[in-house]
Amino acid sequence: AKQALVLLNSIESGDDMEALESVTQLCFDLSVAPEEAYRSFPVESALQVLVQALTRPFPEISNYSVIAINHILDCVPNSGLVFAGVGGVNRICEKLLNFEYIDTAEHIVKTLDHLAKDQAILILREGAFTTIVNMIDFFEYSLQKKILATATNIVKHVYREDLVIEYVFPVIPTIANHLAYKGEELLELSELSLEFFLALAENLNRLMITQNELFCANQLLQSAFELLPYHSAGIRVVSFAKNLCLMSPQSVFSFLQVGGLAVLKKTLEAQDEHSQNEALQILDIILPNKQMNDKHDQVKLSNLKHNPEFLVQIGDMFFKRVFKFYEKNMSKKIRILSLKVLEKLMTHLQDECLVRHTTVPVFANFLSEVLSCSDLEVVKLGLSMVNLLYTRIPFETSDNLIREGVTAKLHYLSSLENAKELVLPKFLKQQLHETSNTSEIQRILQHSGISQNSRYFFQVFQLAMQRNSEATLSKETQIEDILGLIAQDVLVLVNQVLLKEKEYSQPSAYKVLSELKELAKNLRNNHFNMEKFFEILQEGTTPFELLNSGFLSELWNFLVNSFQNDQRVYEFVNKLSNHTREGSTYFECFEALLLKTIRYTQQFQVYISDVPINSIAYARTLSSRLRVKFEYNPQPFKSHYKFEKDPFLRSKHKFFKDHNNFELSLEEFQTLDVLVDVLLRIQTKGELSSFVGIFERTKSDYQSIQHGELNLTKQQTKLLNLLTNSLEELGVRNQTSHLDSLEEEKHEDSTNPKLPKLKVVLKMKGHTLPHHISVFEAINTYAAVGESLCVSFYFKPLSQCSEKSSLVSKHSQIEKVLLDQASDNLPLKFLEFLHLFSMPSQVSHKLTALLKKQIDDLSSVLGGMVPDWLRRLPKSVPFLFSFEERLRLFRVLGFTGSRRVYFNSNKGKRYKVRLLKQKALVPRSDLLGTGFKILKNSALLKYGMLEFDFENEEGTGLGPTLEFYSLISKEIRKLPIWRDNGQVGLFPAPLQSSEDLKYFGLIGRLVAKALYDEKLVDLPLSPVFWKLVLKKDLTVNDLVSVDPDLGKHILELSHLVEKKDSQATFKGASVESLELYFELPGYEIELKPFGKQTKLTIHNLQEYIQLVTEFTLMQRSQAEAFRKGFEKIIPAWTLEVFEEEELEHLICGYNDESWDLWTLRHSVHSAHGYTKNSTTVQNLLKFMSDLQKEERRSFLEFVTGCPRLPLGGFKGLHPPLTVVKKTMPGNQDEYLPSVMTCQNYLKLPDYSSYEVLARQLFYAMKEGSKAFHLS
């Protein structure tokens, strides 16, 4: 402070040179001063002196004065008000009108940006705003961007209509000029101009300014729409259009005139809810309200009547999308808005268009689903639309409404009790009855159908509070009376519609239902008229008819009773494969009908927490901790196990008997496998104390959580030190933080075969806890409210699992599905049955959306509060769910607590999770050996992220890590443990040595670690091997997948067995003349004792086929070793959410991406010297499109470090593949391209021709794949 006062006094002196020296020193001091130094700094005096210095004629003094002012405004809160108080705003604006240096103008713009929030009006009045905008073209690009950002900030904080009209409107043409797209190099300027107009439009709507004819709506919209292809600007363009449409009916008309509907069409198809919501809001603004009470609505309707093509286009666009759109979105807000738009559209469409869009069966089916909803507002909108149809076009729609079950839903809702269930469901009513907590009562009512804006909401709230305080029965009665009054609104509308339905219904509407009932009756008598069913299927039936006729349940019973007779089942399935008149198969028709029926039959519940999932509060919720007590409670062993002869188990027992309880403070997301890993290791009291201390938090940990960051690096570092040998021996070092100094213990890996195999059993209140259960779920499942958590544990010998894959017939698979009692949902059971014969092709968008909504709320998932269908359906009928959501489910089910939270935080959430990062140094000369040593350390693989670098090479980070996985995959594929079966996937050769099993265990760990860290391994394992790993049954048909030639011959021999003819011949020759013996083809392995001497005959042919198939397919030991290795990190059963064929994409990456020019243009980015139109970039795209399959692998490995694209193809690359200019001295053609694999960067010289580019790239791809010399 003293030094500052001295400098300030010097600045005030009359000597310009001394003042310049002092203000320069002051700028330097302020730039390096710590934050606490500003507490004693004389802010007001300094600003007064600096403002006065702006008037000095010496321009350098003015320049440094502005810089000093900005330092103060940056670091001192509320200093902007002090600056204004000493006359700084007027003086800085004057200076802007008469600046000497460009630098000074730039610093003044920054000052204005600081002042924009509190001094916007003064900046406008002093003319600074108008000046900087009108002079924008005078400045260089970087300052132009700052001017636009500052102008936007000022406009946001102007709250007076007269100032907007006087000062802002005149500069609109200038900024509009920069809004127009002028190439990628000026894209940022266009986007900043868009931000300005968006802020201005929002402000005009807030101020309700009606003089918006100056806003040039047509021109601005046209310019804004040009920015739509650029992702960063897309949603802002739509938001701007929405705010523009809010201004007036004229703005709406401008939006329609310049092609706004095409923009809405694309936006409605976007994946994010925000974009969809914005598009729906625009449609809601465009369409007049149903009541037409507002003069704006009358103008809108008049415009639409004079331009009917717009309404027709909206109808064509919205009706085609609303059904799938509604099904995919679980957001109540978006669903209700889409129904409101639909109701408005139906109100204003001409009868001809209304008939065209609403007489298709899918619309009546959609209304049936809407009326099945448990939300009162949704049902009322559905009833309004049904009433509208019966009012305007009853004859055209009546039959469909009956056939799709809409009428049945109306009859259901005509009951007062059912209508009251919509207002306050029984489960909420019960909760309301049991609570006396004010906030809980409010929460319950918010989840009810009672509008929060209605008087009923307040009345019920008051009565619930009085009831709990006075405990009077009359209050309950009054609540019921209010619920009845709300329900009466529904009943009135329902009865109106039912009267019309009775008037217009025709007997023809019940024809198909009657026919299906007759078929169901025949099925009960064991007679199935298939031809009639397929005729009905072809003509079209509805989910309502299928279920309410009883046909579906009778068909299932018929198939169950027929499974012993394959002929009847296969006859039904074979006829499903026939084609209808339209060209599709009956199978496809039946599948589509079943999918619709799933929607119709069941409301699939999801459980959502009350904390917003994208908030910092959500991170705090996930990281809440609980004190958990652990007690050692040994159990008696089976008599055959010699306890006394097992010194390791005896030692464990003795130690924990002496230290039989301890407590841990665990985060709710932690899974108990952490405890299991450590309990198997702990041998000393010091280790136990270290373990207890691992989960304690410091003050800085708590502060980080309060700011939305959960740092788990220290915790995972300590766990690793406790669980594993010295990491340095493996060439592994910590990247994230320094290793904590713990007493170093030497441990052998828990998988060491010399150690006895022990299992840790965890129990709570007599229930055995799965190791993957979270602390939160254990509490919710087994502990009473408010009860402390106590877990007992003991050790027992690890027994071998008896469950194995078996070789079964197709008949057995059919029997297994038909007799499965796990589900009572018939449509789902039928789909699972059909899946045995063909892969269903349709995804259920509704189930996928529900799955997404549930997984998004990680708190509920971690707490075990997930519905039964979520645990069961993705495994039994995975094809009903999108691959992307099943991948997220796999991570939620299979990963440990910290890794689950990490992946959840990465998906656009506001909180951050930091995990431990380790880096391993591996030599290329012994990559396989070193890699396998690292893989043996299960703790290292499980806790934290693992990266790889190569010895004596510069490359580091993601690129070398991906290359490590790629290269070790190559080495593994060379091992003599695989069957030579061409290109049909890796499958184990018959086991020759027990040493081979170690390889499979380590390969299992490698695959799991790659999945755990979101990396790819180039190991395309056969789908049949995955069946073995997942302990699924195999059939003879799987032999064809493993060995096509052998499988073909075995199937041909099987046909001889089926003929049951002792004289049957194989390709004209007798079986005996084939000179085959009981040896495995291609291997010197006897299929049975004395197999080399046992000749194949027609009589032992069945045995031979069975043994060849079993010896080829049933590589159970290798699959079991792989599974055990995999489960050191991830439970293998979680992979069941994928089809076996999908696992290759999951593990190896995407191999089917198109490399055509269109795809590449939209996938490859250009930057830092190149644009998409650069000749070299165009040549690169041509080069890439011409590459063959193996060349593509080489190119990807060179640029990204991995020979395959990730899931999602090019779009799955993060960051995206980017080409930048590499500028070198001299002739550019002489230089090779180089890469930054961690950023997917290709640094490409500006080659003179395509031929040079191709030559240099091919050379670099070949040489660069062996080291990071070109990195």
# chains A, B, ... in the order shown; residues from 1 in each chain; ligands from 1
>>> select_by_dssp(residues="segment 1110-1219 of chain A", states="strand (DSSP E)", output="PyMOL selection string")
chain A and resi 1165-1167+1218-1219
>>> residues_around(residues="Val1252 of chain A", least_positions_apart="4", cutoff="12 Å", atoms="only C-alpha atoms", output="list in words")
Thr1176, Asn1179, Leu1180, Phe1183, Asn1227, Gln1228, Asp1229, Glu1230, Tyr1231, Leu1232, Pro1233, Leu1244, Pro1245, Asp1246, Tyr1247, Ser1248, Gln1256, Leu1257, Phe1258 and Tyr1259 of chain A
>>> atom_distance(atom1="atom CA of Lys1189 of chain A", atom2="atom CA of His1214 of chain A")
22.4 Å
>>> select_by_dssp(residues="segment 212-292 of chain A", states="helix (DSSP H, G or I)", output="number ranges by chain")
A: 213-215, 217-225, 231-247, 249-257, 260-268, 273-286
>>> write_last_selection(atoms="C-alpha atoms", output="PDB file, in the first residue's frame")
ATOM      1  CA  GLU A 213     -40.002  -3.342 -37.291  1.00  0.00           C
ATOM      2  CA  LEU A 214     -36.435  -2.019 -37.070  1.00  0.00           C
ATOM      3  CA  PHE A 215     -35.261  -5.506 -36.159  1.00  0.00           C
ATOM      4  CA  ALA A 217     -36.338 -10.111 -38.941  1.00  0.00           C
ATOM      5  CA  ASN A 218     -36.115 -11.615 -42.424  1.00  0.00           C
ATOM      6  CA  GLN A 219     -32.513 -10.598 -43.028  1.00  0.00           C
ATOM      7  CA  LEU A 220     -31.361 -11.621 -39.553  1.00  0.00           C
ATOM      8  CA  LEU A 221     -33.029 -15.016 -39.724  1.00  0.00           C
ATOM      9  CA  GLN A 222     -31.573 -15.752 -43.143  1.00  0.00           C
ATOM     10  CA  SER A 223     -28.084 -14.894 -41.884  1.00  0.00           C
ATOM     11  CA  ALA A 224     -28.576 -16.897 -38.702  1.00  0.00           C
ATOM     12  CA  PHE A 225     -29.792 -19.977 -40.598  1.00  0.00           C
ATOM     13  CA  HIS A 231     -22.557 -27.342 -34.172  1.00  0.00           C
ATOM     14  CA  SER A 232     -21.398 -24.600 -31.823  1.00  0.00           C
ATOM     15  CA  ALA A 233     -23.954 -22.160 -33.256  1.00  0.00           C
ATOM     16  CA  GLY A 234     -26.853 -24.511 -33.996  1.00  0.00           C
ATOM     17  CA  ILE A 235     -28.839 -24.364 -30.759  1.00  0.00           C
ATOM     18  CA  ARG A 236     -28.197 -20.623 -30.398  1.00  0.00           C
ATOM     19  CA  VAL A 237     -29.745 -20.058 -33.845  1.00  0.00           C
ATOM     20  CA  VAL A 238     -32.882 -21.896 -32.745  1.00  0.00           C
ATOM     21  CA  SER A 239     -33.023 -19.952 -29.454  1.00  0.00           C
ATOM     22  CA  PHE A 240     -32.684 -16.703 -31.375  1.00  0.00           C
ATOM     23  CA  ALA A 241     -35.482 -17.729 -33.742  1.00  0.00           C
ATOM     24  CA  LYS A 242     -37.695 -18.581 -30.775  1.00  0.00           C
ATOM     25  CA  ASN A 243     -37.171 -15.200 -29.135  1.00  0.00           C
ATOM     26  CA  LEU A 244     -37.749 -13.467 -32.434  1.00  0.00           C
ATOM     27  CA  CYS A 245     -41.053 -15.308 -32.897  1.00  0.00           C
ATOM     28  CA  LEU A 246     -42.127 -14.277 -29.399  1.00  0.00           C
ATOM     29  CA  MET A 247     -41.990 -10.602 -30.376  1.00  0.00           C
ATOM     30  CA  PRO A 249     -47.109 -12.307 -35.232  1.00  0.00           C
ATOM     31  CA  GLN A 250     -45.126 -10.479 -37.925  1.00  0.00           C
ATOM     32  CA  SER A 251     -41.917 -12.070 -36.659  1.00  0.00           C
ATOM     33  CA  VAL A 252     -43.602 -15.470 -36.769  1.00  0.00           C
ATOM     34  CA  PHE A 253     -44.574 -14.851 -40.377  1.00  0.00           C
ATOM     35  CA  SER A 254     -40.994 -13.796 -41.199  1.00  0.00           C
ATOM     36  CA  PHE A 255     -39.726 -17.039 -39.667  1.00  0.00           C
ATOM     37  CA  LEU A 256     -42.050 -19.076 -41.874  1.00  0.00           C
ATOM     38  CA  GLN A 257     -41.184 -17.056 -44.987  1.00  0.00           C
ATOM     39  CA  GLY A 260     -37.874 -21.715 -40.601  1.00  0.00           C
ATOM     40  CA  LEU A 261     -39.846 -24.966 -40.827  1.00  0.00           C
ATOM     41  CA  ALA A 262     -36.859 -26.739 -42.398  1.00  0.00           C
ATOM     42  CA  VAL A 263     -34.819 -25.625 -39.378  1.00  0.00           C
ATOM     43  CA  LEU A 264     -37.474 -26.987 -37.006  1.00  0.00           C
ATOM     44  CA  LYS A 265     -37.518 -30.296 -38.852  1.00  0.00           C
ATOM     45  CA  LYS A 266     -33.777 -30.800 -38.259  1.00  0.00           C
ATOM     46  CA  THR A 267     -33.965 -29.577 -34.674  1.00  0.00           C
ATOM     47  CA  LEU A 268     -36.796 -31.959 -33.773  1.00  0.00           C
ATOM     48  CA  GLU A 273     -33.658 -32.504 -25.009  1.00  0.00           C
ATOM     49  CA  HIS A 274     -32.779 -28.797 -25.002  1.00  0.00           C
ATOM     50  CA  SER A 275     -32.852 -28.550 -28.814  1.00  0.00           C
ATOM     51  CA  GLN A 276     -36.104 -30.481 -29.012  1.00  0.00           C
ATOM     52  CA  ASN A 277     -37.668 -28.296 -26.347  1.00  0.00           C
ATOM     53  CA  GLU A 278     -36.668 -25.118 -28.200  1.00  0.00           C
ATOM     54  CA  ALA A 279     -38.181 -26.434 -31.452  1.00  0.00           C
ATOM     55  CA  LEU A 280     -41.422 -27.370 -29.696  1.00  0.00           C
ATOM     56  CA  GLN A 281     -41.633 -23.926 -28.111  1.00  0.00           C
ATOM     57  CA  ILE A 282     -41.319 -22.311 -31.542  1.00  0.00           C
ATOM     58  CA  LEU A 283     -44.161 -24.487 -32.863  1.00  0.00           C
ATOM     59  CA  ASP A 284     -46.200 -23.575 -29.792  1.00  0.00           C
ATOM     60  CA  ILE A 285     -45.592 -19.881 -30.559  1.00  0.00           C
ATOM     61  CA  ILE A 286     -46.382 -20.251 -34.273  1.00  0.00           C
TER      62      ILE A 286
END
>>> residues_around(residues="Glu951 of chain A", least_positions_apart="5", cutoff="7 Å", atoms="only C-alpha atoms", output="VMD selection string")
chain A and resid 921 to 923
>>> write_last_selection(atoms="N, CA and C atoms", output="CSV table (one decimal), in the first residue's frame")
chain,number,residue,atom,x,y,z
A,921,LEU,N,6.0,-48.0,-18.2
A,921,LEU,CA,7.0,-47.9,-19.3
A,921,LEU,C,7.3,-49.3,-19.8
A,922,VAL,N,7.1,-49.5,-21.1
A,922,VAL,CA,7.2,-50.8,-21.6
A,922,VAL,C,8.2,-50.8,-22.8
A,923,PRO,N,9.1,-51.9,-22.9
A,923,PRO,CA,10.0,-51.9,-24.1
A,923,PRO,C,9.3,-52.6,-25.3
>>> closest_atom_pairs(of="segment 1056-1164 of chain A", to="segment 1027-1042 of chain A", cutoff="7 Å", atoms="only C-alpha atoms", output="CSV")
residue,atom,partner,partner_atom,distance
A:Thr1109,CA,A:Val1036,CA,6.6
A:Leu1113,CA,A:Leu1039,CA,6.7
A:Arg1116,CA,A:Leu1028,CA,6.6
A:Ala1119,CA,A:Val1029,CA,4.9
A:Glu1120,CA,A:Val1029,CA,6.3
A:Arg1123,CA,A:Val1029,CA,5.8
A:Ala1132,CA,A:Leu1030,CA,6.9
A:Trp1133,CA,A:Leu1030,CA,6.6
A:Glu1140,CA,A:Lys1027,CA,6.9
>>> write_last_selection(atoms="N, CA and C atoms", output="JSON list (two decimals), in the first residue's frame")
[["chain", "number", "residue", "atom", "x", "y", "z"],
["A", 1109, "THR", "N", -18.05, -82.50, -32.31],
["A", 1109, "THR", "CA", -18.63, -81.20, -31.97],
["A", 1109, "THR", "C", -18.19, -80.77, -30.57],
["A", 1113, "LEU", "N", -15.88, -77.53, -29.86],
["A", 1113, "LEU", "CA", -16.54, -76.37, -29.28],
["A", 1113, "LEU", "C", -16.32, -76.21, -27.78],
["A", 1116, "ARG", "N", -14.03, -75.44, -22.45],
["A", 1116, "ARG", "CA", -14.52, -74.83, -21.21],
["A", 1116, "ARG", "C", -13.38, -74.30, -20.34],
["A", 1119, "ALA", "N", -12.21, -70.95, -21.57],
["A", 1119, "ALA", "CA", -13.25, -69.94, -21.34],
["A", 1119, "ALA", "C", -13.36, -69.60, -19.86],
["A", 1120, "GLU", "N", -13.22, -70.61, -19.01],
["A", 1120, "GLU", "CA", -13.30, -70.38, -17.56],
["A", 1120, "GLU", "C", -12.11, -69.56, -17.08],
["A", 1123, "ARG", "N", -12.70, -66.04, -18.16],
["A", 1123, "ARG", "CA", -13.76, -65.45, -17.33],
["A", 1123, "ARG", "C", -13.20, -65.03, -15.97],
["A", 1132, "ALA", "N", -18.41, -60.85, -15.17],
["A", 1132, "ALA", "CA", -18.64, -61.26, -16.56],
["A", 1132, "ALA", "C", -20.12, -61.25, -16.92],
["A", 1133, "TRP", "N", -21.01, -61.50, -15.95],
["A", 1133, "TRP", "CA", -22.44, -61.57, -16.27],
["A", 1133, "TRP", "C", -22.97, -60.25, -16.82],
["A", 1140, "GLU", "N", -23.74, -61.68, -28.60],
["A", 1140, "GLU", "CA", -22.35, -62.11, -28.75],
["A", 1140, "GLU", "C", -21.68, -61.42, -29.94]]
>>> residues_around(residues="segment 626-634 of chain A", least_positions_apart="5", cutoff="10 Å", atoms="only C-alpha atoms", output="ChimeraX atom specification")
/A:653,656-668,675,761-764,775-776,779,788-796
